[in-house]
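Written below as structure tokens is the structure these notes are about.
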Protein chains: 4
Amino acid sequence: MKALVYHGPGKKALEDRPMPEIRDAGDAIVKVSKTTICGTDLHILKGDVPSCEPGRILGHEGVGIIEKVGPGVTTMKPGDHVLISCITSCGKCDSCRKGMYSHCATGGWILGNRIDGTQAEYVRIPHAETSLYLIPQGMDEEAVVMLSDILPTGFECGVMNGKIKPGDTVAIVGAGPIGLAALLTAQFYAPSEIIMIDLDDNRLSVSKKFGATATVNSKNEDAAKRVMDMTEGRGVDVAIEAVGVPATFHLCEEIVAAGGTIANVGVHGVKVDLHLEKLWDRNITITTRLVDTVTTPMLLKTVRSKKIDPKSLITHRFTIDTILDAYETFGKAADTKALKVVIAAK
Amino acid sequence: MKALVYHGPGKKALEDRPMPEIRDAGDAIVKVSKTTICGTDLHILKGDVPSCEPGRILGHEGVGIIEKVGPGVTTMKPGDHVLISCITSCGKCDSCRKGMYSHCATGGWILGNRIDGTQAEYVRIPHAETSLYLIPQGMDEEAVVMLSDILPTGFECGVMNGKIKPGDTVAIVGAGPIGLAALLTAQFYAPSEIIMIDLDDNRLSVSKKFGATATVNSKNEDAAKRVMDMTEGRGVDVAIEAVGVPATFHLCEEIVAAGGTIANVGVHGVKVDLHLEKLWDRNITITTRLVDTVTTPMLLKTVRSKKIDPKSLITHRFTIDTILDAYETFGKAADTKALKVVIAAK
Amino acid sequence: MKALVYHGPGKKALEDRPMPEIRDAGDAIVKVSKTTICGTDLHILKGDVPSCEPGRILGHEGVGIIEKVGPGVTTMKPGDHVLISCITSCGKCDSCRKGMYSHCATGGWILGNRIDGTQAEYVRIPHAETSLYLIPQGMDEEAVVMLSDILPTGFECGVMNGKIKPGDTVAIVGAGPIGLAALLTAQFYAPSEIIMIDLDDNRLSVSKKFGATATVNSKNEDAAKRVMDMTEGRGVDVAIEAVGVPATFHLCEEIVAAGGTIANVGVHGVKVDLHLEKLWDRNITITTRLVDTVTTPMLLKTVRSKKIDPKSLITHRFTIDTILDAYETFGKAADTKALKVVIAAK
Amino acid sequence: MKALVYHGPGKKALEDRPMPEIRDAGDAIVKVSKTTICGTDLHILKGDVPSCEPGRILGHEGVGIIEKVGPGVTTMKPGDHVLISCITSCGKCDSCRKGMYSHCATGGWILGNRIDGTQAEYVRIPHAETSLYLIPQGMDEEAVVMLSDILPTGFECGVMNGKIKPGDTVAIVGAGPIGLAALLTAQFYAPSEIIMIDLDDNRLSVSKKFGATATVNSKNEDAAKRVMDMTEGRGVDVAIEAVGVPATFHLCEEIVAAGGTIANVGVHGVKVDLHLEKLWDRNITITTRLVDTVTTPMLLKTVRSKKIDPKSLITHRFTIDTILDAYETFGKAADTKALKVVIAAK
């Protein structure tokens, strides 16, 4: 079968690989109909993710049809149309029983990282019954594939951890796909203001269409000052960090109101300064989170009932044969204006 | 009347000052029967608190008898026995209506800071009805004066923000009065383990008597390593920072379990390093808080029903005439083994 | 001044009454610019509310301009444009400090009940600073007057107590003004389905325009059976009772899913049967509540940012001179299709 | 093997039955070392539980040693010492993923009801990995067997649903084993007062030893009046119903304070009157729940760290050979003063 294989920093290839096989009683083999590329895939290709070794098939997002199941699988069967979660969850370890699937003892983020992933014609999914989700009939696959990772990440790590409430003033720092996923799902809670902050005018303009009530280009102006002015010096109830560098985290520290929350979503490579000398008496909360995908069933319901349209995040479409072009397009997002790119089976 | 007056960094004096007077309709004048000294008073004397200007009567803790009330006070009257909260709350601004009294528009921590305080024979309390608490008959004044600041601070900023639950493993970094107040009130929630960490063997030995299940002297051993060993490499569910320096905050970062909480109580003078490169995917929460004293009525109930005995924090007793000795004793706590010192009216 | 006065069961009159005067330090006199009629006013007129004695000026909703304030009022002044809350809150008793203003020791629902109300040219508001809300500039008075009672009632007693979450299936039993207020504010939380149930086709048709995803006329069909069919036998996550009779509460018992909530909003005159023999193992929650109006500031923000348009509830407009016609119209809602009627000052 | 078999209303026998066998991949066979009798077993014997058919081995509580596991079981193995939960949970259906194991699609309360139970030498446990709990070394089996049902039931349905907080005033109606389990675990949250109400002086006297701060014998006095007097007319913050008849539920309605909670634990056979005409405006919450046993891991920690001693509930000890005597003793609790009876393997 065709598969996109990582061969060490800077190297990847579309290759022929053997079909995956059932190894454990709880496994399923899924024929992938749609997959997509995540910023994390680019991190792997830069060599930033040591747990991902050369020879690995990349990809942790996808939808498809179950081809085969192991003997322990009783609630799913070949032919079932399923969403593949980026997080593999056994459903029985302490972390899974607490709803923290991201820290599953034998799962977590392993697809396209510690085991072969979804950017291939077929993929083996361990703990299938608790890592796949049946897709209700009639749902659009392209909308659903956004629920593998990006939507739950923006929602759980940004919106839920940020505890957004009706009437709140929210700032989202970073208008890339994750920031936009947070923007879309923030609206589940009717905040009064959502201010998007980014360096890219195109993404800010997309943000407006997606529901931002104001945008700030931090290249052109002092974003902290601007947000404080917009909030009469009070700051924002919730600041969502969706970039992953010290400057953007620091901006969140500057704009969070007393009693507010900084919800970190960004993947950070270095430490940041936490200004406790200013924040110790400000009654703030800071959260970090690797997505648990506990909200996947709920997100399926909201997409199905048209509360949000995650398909709007898709800018480009490819097939598995042209997946190298998909990487090219996604990797040069500033030029191509790519948000999410979808790769279909054929 | 006698009062302890701040005269700039390093200078204080016991002086004769005019009696306070009612200024606003909601004021009360309280005759102070017991007060105490807080670590923050020492900070002021070091010159670390610029909002507190020379000439200020210090002190933000106390119990006493109402002497006079302003015309707007309808629910309290002269003769009432009251607890003075360290936080002044108007009860009507946005922050107060949300229960965040620490950020009251015209209150917050002002006693012994922006207005004259409680280390005197009499004190004026603005917004009296929402800043004083009637003391139920028969309660011990010494126990109650611990509820002005230290008990709600340890409880709200440490225990509540830490979301301690039955069965949890908790570490409290710092076994000074605030850390011990957190230790006492943590037991409201039946955690399985409470590990106290400090440099002072005496305080650790006191901690054992107060309910710690284990103690670690971080002078003698690698505290992080020790805590990880004690928790089989998992870390603690809740880490309470009760010191206020980078090293102790950093220790909390090292020992917090995935899904856990760091509740900062310490007053910090400089920034700390937040290792988001390690913590971004650990699903942790960090909180800061200036005490709101919203739990004062509840704490009065628990003291009254003998769930805790805050009087056990008191090591030394003085009168207003010997308050300079009280400062001397409290300031040299390592030698004197002082925890809280009580200063009685006469 | 002109005022609508209750004269015992079945009797009311538009009369000339003396202007109200400041009695307590915290009072304000408000010149009423808009008021409205509540279902509770009709209950009073039926003689169902013994606390309301003959001679009382009715009305507990309104917006206006402050005319005078007592000496204890420092944060509001004559000329301020204010919303009058149906709940009077002192801000300092135990209940108020807990956010349960409805049970304020010296307040609660007293306007137009135990003291003279808002269906007059002027009204005295006790505890003014914590019972009035400043109206931000530029807001429409008609929208704001809906926030005196109906919006917070639907929201707090129905939506918040019901704990509506994104993706939920909700049923609201009763499509009168309160049920519709619940319908409008339920959408703050992006439920997937909102089923409105009523006997009146007009109200069900209005419900559709207000965002209901389905409607059931319980006169024509077995509403319980229909809802169970619509939910594949599972029932609804949240059932909001907005009528106040045994039959509608019973319907909620029949349609609530395991793990779900029945949020009672209706004013009940007689007991209901609670079928614990069926519900004891169903993990359900039942709540009751007199509105606290703690969410008034938040609701003002959502109206201001156009998340909801409460003005859409208004069907008829009158002046204080024609208030008897307003009562006539509101009292015959089935015929007049009245929802909320607004009475302007002139 | 020996087993206690139900033979229809009023009939039971100790018989020889074939050893259970593995049927599904996730099954385990457990050799029972300790079991106990629940009030529900008596209900079955009265014929009140139609889902339990003649021929069924009774019992849903137990500890033992795993004898055999199915091919799908990877985290448990023969020889493991385990607690058997009264609730069977698959870990993968919607209810289980929400933590509502009681409503598991293929589990819930099935042991000793829909499938053979634990009052036997061996028992088959479906979904073993998510229905058994490994017992940490060194724990007392008698203490642990109290965690199969009674402790989580008192805790989850009574204490957690009641949202008991430090300083609260709590009433528990019914001082049988379940009421006492609620009493023990209520103390995890440091309530100020716990009032036990029962008709049996012995049980009330046991309650005192278990931590009740007051007791009321409702045979001798008007319990509602007494509780209202004890709370200065305010009522209790939390009323726990642990009997299951209309009179006791009604008592809870009478004594719950405004803003309080009635947590129903009792198994009811008939409907009760809910006095909404008095309660609609009292801001109360009523909850029902079949135990989910989601807190079993936490309870194991609190028992292990000696926060509670559930063994104190055990009054009598038997072996499987004398299990008919155990039933006799447990069934005449008023005379025998039995609380929990333990039945050992030999």
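Ordering of the structure tokens sets the chain letters (A, B, ...), residue numbers begin anew at 1 in every chain, and ligands are numbered from 1 in the order given.
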
**Request:** Just need the residues of chain D within 8 Å of chain B, counting only C-alpha atoms, so spit them out as a count of residues only.
**Result:** 14

**Message:** So that I can see what lies close to Thr336 (chain B), please list as a list in words the residues with an atom at most 12 Å from it, counting only C-alpha atoms and leaving out residues fewer than 3 positions away in the same chain.
**Reply:**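 That gives Asn202, Arg203, Thr315, His316, Asp325, Ala326, Tyr327, Glu328, Thr329, Phe330, Gly331, Lys332, Ala333, Leu339, Lys340 and Val341 of chain B.
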
Write the residues you've just listed into a file as a tab-separated table (two decimals), in the first residue's frame, and include C-alpha atoms for each of them.
chain	number	residue	atom	x	y	z
B	202	ASN	CA	11.62	22.50	63.70
B	203	ARG	CA	8.91	23.53	61.28
B	315	THR	CA	3.71	30.31	69.75
B	316	HIS	CA	4.17	33.63	71.56
B	325	ASP	CA	9.35	42.64	71.27
B	326	ALA	CA	6.69	40.78	69.30
B	327	TYR	CA	8.24	42.07	66.07
B	328	GLU	CA	11.69	41.06	67.33
B	329	THR	CA	10.47	37.53	68.12
B	330	PHE	CA	8.51	37.13	64.89
B	331	GLY	CA	11.36	38.56	62.81
B	332	LYS	CA	13.83	36.00	64.11
B	333	ALA	CA	11.56	33.01	63.67
B	339	LEU	CA	4.94	30.83	64.11
B	340	LYS	CA	2.20	33.32	64.95
B	341	VAL	CA	2.56	35.83	67.77

**Message:** Set the distance at 6 Å and use only C-alpha atoms: which residues neighbour Ile262 (chain D) once local chain neighbours fewer than 5 positions away are removed? I'd like the list as an MDAnalysis selection string.
**Reply:** chainID D and resid 238:240 286

**Message:** Using Å and a single decimal, report how far CA of Leu290 (chain C) sits from CA of Lys271 (chain D).
**Reply:**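 That distance, rounded to one decimal, is 25.5 Å.
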
Fit chain C to chain B, all Cα atoms paired in order, least squares. Then write it as a short mmCIF file (atom, residue, chain, number, x, y, z; two decimals) with C-alpha atoms, in the first residue's frame.
data_model
loop_
_atom_site.label_atom_id
_atom_site.label_comp_id
_atom_site.auth_asym_id
_atom_site.auth_seq_id
_atom_site.Cartn_x
_atom_site.Cartn_y
_atom_site.Cartn_z
CA MET C 1 -4.06 55.83 71.51
CA LYS C 2 -1.03 53.54 71.15
CA ALA C 3 -0.13 52.45 67.63
CA LEU C 4 2.74 50.79 65.82
CA VAL C 5 3.76 53.22 63.08
CA TYR C 6 5.87 52.62 59.98
CA HIS C 7 8.45 55.31 59.32
CA GLY C 8 10.08 54.13 56.14
CA PRO C 9 12.38 51.17 55.40
CA GLY C 10 13.73 49.64 58.59
CA LYS C 11 11.95 52.11 60.86
CA LYS C 12 8.97 51.64 63.10
CA ALA C 13 7.84 53.03 66.46
CA LEU C 14 5.19 52.53 69.10
CA GLU C 15 3.58 55.97 69.32
CA ASP C 16 0.65 57.93 70.56
CA ARG C 17 -1.77 58.67 67.76
CA PRO C 18 -5.20 60.32 67.67
CA MET C 19 -8.24 58.07 67.83
CA PRO C 20 -9.64 57.21 64.40
CA GLU C 21 -12.95 58.80 63.40
CA ILE C 22 -15.90 57.80 61.24
CA ARG C 23 -15.39 59.27 57.74
CA ASP C 24 -17.90 57.49 55.53
CA ALA C 25 -21.43 56.29 56.17
CA GLY C 26 -20.34 52.65 56.07
CA ASP C 27 -17.42 52.94 58.52
CA ALA C 28 -17.04 51.36 61.92
CA ILE C 29 -14.49 52.09 64.64
CA VAL C 30 -13.32 48.90 66.32
CA LYS C 31 -11.54 48.68 69.65
CA VAL C 32 -8.86 46.08 68.95
CA SER C 33 -8.58 43.31 71.54
CA LYS C 34 -6.16 41.03 69.69
CA THR C 35 -3.93 41.54 66.68
CA THR C 36 -0.98 39.69 65.19
CA ILE C 37 1.96 40.22 62.83
CA CYS C 38 2.09 38.95 59.28
CA GLY C 39 5.07 38.22 57.04
CA THR C 40 3.77 41.06 54.88
CA ASP C 41 4.36 43.51 57.73
CA LEU C 42 8.03 42.52 57.57
CA HIS C 43 7.99 43.08 53.80
CA ILE C 44 6.66 46.60 54.38
CA LEU C 45 9.43 47.25 56.88
CA LYS C 46 11.99 46.16 54.28
CA GLY C 47 10.56 48.78 51.93
CA ASP C 48 9.13 46.22 49.51
CA VAL C 49 5.59 47.60 49.49
CA PRO C 50 5.62 51.08 47.95
CA SER C 51 1.86 51.57 48.43
CA CYS C 52 2.49 51.74 52.20
CA GLU C 53 3.82 55.19 53.03
CA PRO C 54 5.69 56.37 56.09
CA GLY C 55 3.36 57.40 58.88
CA ARG C 56 1.07 54.47 58.37
CA ILE C 57 -0.18 52.40 61.31
CA LEU C 58 0.59 48.77 60.40
CA GLY C 59 -1.49 45.59 60.78
CA HIS C 60 -4.32 43.96 58.85
CA GLU C 61 -5.42 41.28 61.29
CA GLY C 62 -7.48 41.59 64.43
CA VAL C 63 -10.52 40.97 66.56
CA GLY C 64 -12.26 43.52 68.70
CA ILE C 65 -15.42 45.26 69.83
CA ILE C 66 -17.27 47.78 67.71
CA GLU C 67 -17.04 51.21 69.32
CA LYS C 68 -18.96 53.36 66.82
CA VAL C 69 -20.66 52.93 63.43
CA GLY C 70 -21.47 55.31 60.58
CA PRO C 71 -25.03 56.20 59.63
CA GLY C 72 -25.12 53.69 56.78
CA VAL C 73 -24.42 50.69 59.01
CA THR C 74 -27.64 48.86 59.90
CA THR C 75 -26.66 45.27 60.64
CA MET C 76 -23.87 45.87 63.15
CA LYS C 77 -23.77 48.04 66.26
CA PRO C 78 -21.48 49.22 69.05
CA GLY C 79 -20.69 46.38 71.42
CA ASP C 80 -20.65 43.71 68.70
CA HIS C 81 -17.72 41.31 68.89
CA VAL C 82 -16.11 41.16 65.47
CA LEU C 83 -13.39 39.62 63.38
CA ILE C 84 -11.56 42.11 61.15
CA SER C 85 -10.84 40.69 57.70
CA CYS C 86 -7.50 41.56 56.12
CA ILE C 87 -9.49 42.29 52.95
CA THR C 88 -11.87 45.23 52.83
CA SER C 89 -14.86 44.56 50.59
CA CYS C 90 -17.55 47.01 49.51
CA GLY C 91 -20.00 44.25 48.53
CA LYS C 92 -21.23 46.17 45.50
CA CYS C 93 -18.52 46.55 42.87
CA ASP C 94 -18.13 44.01 40.05
CA SER C 95 -15.29 42.19 41.79
CA CYS C 96 -17.16 41.91 45.09
CA ARG C 97 -20.33 40.69 43.34
CA LYS C 98 -18.20 37.93 41.80
CA GLY C 99 -16.72 36.97 45.17
CA MET C 100 -13.30 38.38 44.28
CA TYR C 101 -13.13 40.76 47.23
CA SER C 102 -9.34 41.00 46.91
CA HIS C 103 -9.90 43.19 43.87
CA CYS C 104 -12.67 45.35 45.36
CA ALA C 105 -12.73 48.70 43.55
CA THR C 106 -12.46 50.67 46.81
CA GLY C 107 -11.12 47.98 49.11
CA GLY C 108 -8.91 44.91 48.82
CA TRP C 109 -5.82 44.84 51.00
CA ILE C 110 -5.79 48.42 52.26
CA LEU C 111 -5.59 48.01 56.07
CA GLY C 112 -2.09 48.73 57.36
CA ASN C 113 -1.12 49.51 53.79
CA ARG C 114 -3.09 52.34 52.17
CA ILE C 115 -5.01 53.24 55.34
CA ASP C 116 -4.16 52.86 59.02
CA GLY C 117 -4.29 49.31 60.36
CA THR C 118 -4.96 47.15 63.37
CA GLN C 119 -1.75 47.27 65.37
CA ALA C 120 -3.27 49.97 67.51
CA GLU C 121 -5.86 50.39 70.22
CA TYR C 122 -8.53 51.38 67.72
CA VAL C 123 -8.98 51.08 63.99
CA ARG C 124 -11.36 52.52 61.41
CA ILE C 125 -12.87 49.84 59.13
CA PRO C 126 -14.46 51.08 55.88
CA HIS C 127 -17.34 49.08 54.37
CA ALA C 128 -17.76 47.64 57.85
CA GLU C 129 -20.75 45.41 57.19
CA THR C 130 -18.94 43.49 54.48
CA SER C 131 -15.46 43.58 56.00
CA LEU C 132 -16.20 42.60 59.59
CA TYR C 133 -17.67 39.28 60.72
CA LEU C 134 -19.73 38.82 63.87
CA ILE C 135 -18.04 36.32 66.20
CA PRO C 136 -20.48 33.70 67.52
CA GLN C 137 -20.65 33.65 71.31
CA GLY C 138 -18.21 31.54 73.20
CA MET C 139 -15.46 31.44 70.59
CA ASP C 140 -11.85 31.89 71.61
CA GLU C 141 -10.47 35.23 70.37
CA GLU C 142 -7.02 33.79 69.77
CA ALA C 143 -8.41 31.14 67.45
CA VAL C 144 -10.53 33.71 65.66
CA VAL C 145 -7.72 36.20 65.02
CA MET C 146 -6.05 33.51 62.90
CA LEU C 147 -9.04 33.92 60.54
CA SER C 148 -8.21 37.52 59.63
CA ASP C 149 -5.67 36.44 57.06
CA ILE C 150 -3.61 33.33 57.54
CA LEU C 151 -6.31 30.66 57.57
CA PRO C 152 -8.29 31.98 54.59
CA THR C 153 -5.02 32.57 52.72
CA GLY C 154 -3.79 29.02 53.20
CA PHE C 155 -7.25 27.68 52.47
CA GLU C 156 -8.36 29.80 49.50
CA CYS C 157 -5.07 30.30 47.70
CA GLY C 158 -3.64 26.87 48.51
CA VAL C 159 -6.29 24.29 49.28
CA MET C 160 -9.29 25.52 47.30
CA ASN C 161 -7.28 26.68 44.28
CA GLY C 162 -5.42 23.37 44.49
CA LYS C 163 -8.78 21.57 44.33
CA ILE C 164 -7.67 18.99 46.91
CA LYS C 165 -9.89 15.90 46.86
CA PRO C 166 -10.23 12.85 49.10
CA GLY C 167 -7.43 10.40 48.37
CA ASP C 168 -5.12 13.01 46.81
CA THR C 169 -1.39 13.25 47.29
CA VAL C 170 -0.44 16.81 48.22
CA ALA C 171 2.91 18.53 48.67
CA ILE C 172 3.20 21.84 50.49
CA VAL C 173 6.45 23.67 49.87
CA GLY C 174 7.11 25.92 52.83
CA ALA C 175 6.16 25.11 56.42
CA GLY C 176 5.87 28.65 57.71
CA PRO C 177 2.60 29.94 59.13
CA ILE C 178 0.92 30.06 55.69
CA GLY C 179 2.10 26.60 54.70
CA LEU C 180 0.88 25.28 58.05
CA ALA C 181 -2.49 26.98 57.55
CA ALA C 182 -2.72 25.19 54.22
CA LEU C 183 -1.76 21.94 55.95
CA LEU C 184 -4.49 22.36 58.57
CA THR C 185 -7.21 23.22 56.09
CA ALA C 186 -6.11 20.68 53.46
CA GLN C 187 -7.39 18.07 55.89
CA PHE C 188 -10.96 19.31 55.31
CA TYR C 189 -10.79 17.20 52.13
CA ALA C 190 -9.22 13.98 53.42
CA PRO C 191 -6.19 13.75 51.11
CA SER C 192 -4.29 10.49 51.56
CA GLU C 193 -0.84 12.03 51.73
CA ILE C 194 0.42 15.48 52.67
CA ILE C 195 4.15 15.92 52.21
CA MET C 196 5.62 19.05 53.83
CA ILE C 197 8.86 20.42 52.41
CA ASP C 198 11.02 23.01 54.19
CA LEU C 199 14.58 23.82 55.20
CA ASP C 200 13.82 24.05 58.92
CA ASP C 201 13.63 20.87 60.97
CA ASN C 202 11.62 22.50 63.70
CA ARG C 203 8.91 23.53 61.28
CA LEU C 204 8.89 20.06 59.73
CA SER C 205 8.51 18.56 63.17
CA VAL C 206 5.58 20.91 63.87
CA SER C 207 4.13 19.83 60.51
CA LYS C 208 4.06 16.23 61.63
CA LYS C 209 1.99 17.21 64.68
CA PHE C 210 -0.33 19.19 62.42
CA GLY C 211 -1.10 16.20 60.22
CA ALA C 212 1.65 15.91 57.60
CA THR C 213 2.08 12.28 56.56
CA ALA C 214 5.67 12.84 55.45
CA THR C 215 8.28 15.60 55.59
CA VAL C 216 11.27 16.42 53.42
CA ASN C 217 14.09 18.76 54.41
CA SER C 218 15.20 20.17 51.09
CA LYS C 219 18.49 21.35 52.60
CA ASN C 220 19.57 17.75 53.15
CA GLU C 221 18.30 16.00 50.07
CA ASP C 222 17.02 16.44 46.53
CA ALA C 223 13.41 17.18 47.37
CA ALA C 224 12.13 16.65 43.83
CA LYS C 225 13.75 13.25 43.57
CA ARG C 226 12.47 12.26 46.99
CA VAL C 227 8.88 13.23 46.18
CA MET C 228 8.99 11.40 42.85
CA ASP C 229 10.27 8.31 44.66
CA MET C 230 7.50 8.55 47.25
CA THR C 231 4.91 8.72 44.49
CA GLU C 232 6.35 5.97 42.32
CA GLY C 233 7.42 8.50 39.71
CA ARG C 234 3.94 9.90 39.28
CA GLY C 235 4.28 13.18 41.19
CA VAL C 236 1.70 14.89 43.38
CA ASP C 237 -1.88 15.77 42.54
CA VAL C 238 -1.50 19.17 44.17
CA ALA C 239 1.65 21.20 44.87
CA ILE C 240 1.17 24.27 47.04
CA GLU C 241 3.88 26.93 46.81
CA ALA C 242 4.00 28.77 50.14
CA VAL C 243 7.37 30.52 50.03
CA GLY C 244 7.57 32.94 47.10
CA VAL C 245 10.97 32.41 45.48
CA PRO C 246 11.93 30.88 42.11
CA ALA C 247 13.50 27.74 43.61
CA THR C 248 10.36 26.66 45.42
CA PHE C 249 8.11 27.37 42.45
CA HIS C 250 10.49 25.40 40.30
CA LEU C 251 10.30 22.49 42.72
CA CYS C 252 6.52 22.52 42.30
CA GLU C 253 6.95 22.31 38.52
CA GLU C 254 9.16 19.26 38.95
CA ILE C 255 6.85 17.31 41.24
CA VAL C 256 3.38 18.02 39.87
CA ALA C 257 1.74 14.94 38.31
CA ALA C 258 0.09 14.94 34.90
CA GLY C 259 -3.37 16.41 35.42
CA GLY C 260 -2.27 18.07 38.67
CA THR C 261 -2.33 21.62 40.04
CA ILE C 262 0.26 24.07 41.32
CA ALA C 263 -1.43 26.52 43.67
CA ASN C 264 0.82 29.49 44.28
CA VAL C 265 0.38 31.20 47.63
CA GLY C 266 3.80 32.81 47.98
CA VAL C 267 4.43 36.52 47.43
CA HIS C 268 6.98 36.71 44.64
CA GLY C 269 9.43 39.56 44.06
CA VAL C 270 10.93 38.31 40.79
CA LYS C 271 9.82 36.27 37.78
CA VAL C 272 10.17 32.51 37.64
CA ASP C 273 10.97 30.13 34.80
CA LEU C 274 7.93 28.25 33.57
CA HIS C 275 9.12 25.13 31.77
CA LEU C 276 6.40 24.93 29.17
CA GLU C 277 8.69 22.84 27.00
CA LYS C 278 8.11 20.10 29.58
CA LEU C 279 4.66 21.05 30.84
CA TRP C 280 2.71 21.98 27.69
CA ASP C 281 1.33 18.44 27.33
CA ARG C 282 1.05 17.59 31.02
CA ASN C 283 -2.51 18.87 31.58
CA ILE C 284 -1.56 20.96 34.57
CA THR C 285 -3.13 24.01 36.15
CA ILE C 286 -1.28 26.84 37.87
CA THR C 287 -3.16 29.34 40.02
CA THR C 288 -2.34 32.59 41.74
CA ARG C 289 -4.53 34.43 44.22
CA LEU C 290 -4.64 37.20 46.72
CA VAL C 291 -6.93 35.91 49.44
CA ASP C 292 -10.55 37.00 48.98
CA THR C 293 -11.72 35.97 52.47
CA VAL C 294 -14.96 34.69 50.94
CA THR C 295 -14.60 31.60 53.09
CA THR C 296 -14.43 33.45 56.40
CA PRO C 297 -18.00 32.53 57.45
CA MET C 298 -17.32 28.89 56.60
CA LEU C 299 -14.01 28.91 58.46
CA LEU C 300 -15.74 30.36 61.51
CA LYS C 301 -18.11 27.38 61.41
CA THR C 302 -15.32 24.82 61.15
CA VAL C 303 -13.41 26.41 64.02
CA ARG C 304 -16.56 26.60 66.12
CA SER C 305 -17.33 22.93 65.49
CA LYS C 306 -13.71 22.06 66.28
CA LYS C 307 -12.81 20.68 62.86
CA ILE C 308 -9.58 22.65 63.17
CA ASP C 309 -7.79 24.41 65.99
CA PRO C 310 -6.00 27.43 64.50
CA LYS C 311 -4.84 28.44 67.97
CA SER C 312 -2.19 25.77 67.63
CA LEU C 313 -0.36 28.15 65.28
CA ILE C 314 0.28 30.60 68.11
CA THR C 315 3.70 30.31 69.72
CA HIS C 316 4.17 33.63 71.54
CA ARG C 317 1.98 36.21 73.26
CA PHE C 318 2.55 39.94 73.82
CA THR C 319 0.61 43.11 74.58
CA ILE C 320 0.41 46.30 72.60
CA ASP C 321 2.98 47.76 75.01
CA THR C 322 5.48 45.07 74.09
CA ILE C 323 4.68 44.93 70.38
CA LEU C 324 8.27 45.84 69.50
CA ASP C 325 9.35 42.63 71.24
CA ALA C 326 6.67 40.80 69.27
CA TYR C 327 8.25 42.08 66.04
CA GLU C 328 11.66 41.05 67.30
CA THR C 329 10.48 37.54 68.08
CA PHE C 330 8.52 37.15 64.86
CA GLY C 331 11.34 38.58 62.78
CA LYS C 332 13.81 36.01 64.07
CA ALA C 333 11.56 33.02 63.64
CA ALA C 334 14.36 30.59 62.84
CA ASP C 335 15.84 31.22 66.26
CA THR C 336 12.71 31.82 68.31
CA LYS C 337 10.69 29.09 66.57
CA ALA C 338 7.91 31.64 66.29
CA LEU C 339 4.94 30.84 64.08
CA LYS C 340 2.20 33.31 64.93
CA VAL C 341 2.56 35.83 67.73
CA VAL C 342 -0.55 37.34 69.33
CA ILE C 343 -0.65 40.89 70.64
CA ALA C 344 -3.39 41.55 73.17
CA ALA C 345 -4.81 44.96 73.95
CA LYS C 346 -3.20 45.10 77.35
#

**Request:** Could you please write out, as number ranges by chain, every residue of region 53-243 of chain B that DSSP assigns to helix (DSSP H, G or I)?
**Result:** B: 94-97, 101-103, 128-130, 141-145, 150-160, 177-189, 201-209, 223-230

**Prompt:** Would you give me, as a ChimeraX atom specification, the residues in region 91-265 of chain C that DSSP reads as strand (DSSP E or B)?
**Reply:** /C:108,111,115,120,122-125,132-134,169-173,193-198,214-217,236-241,256-264
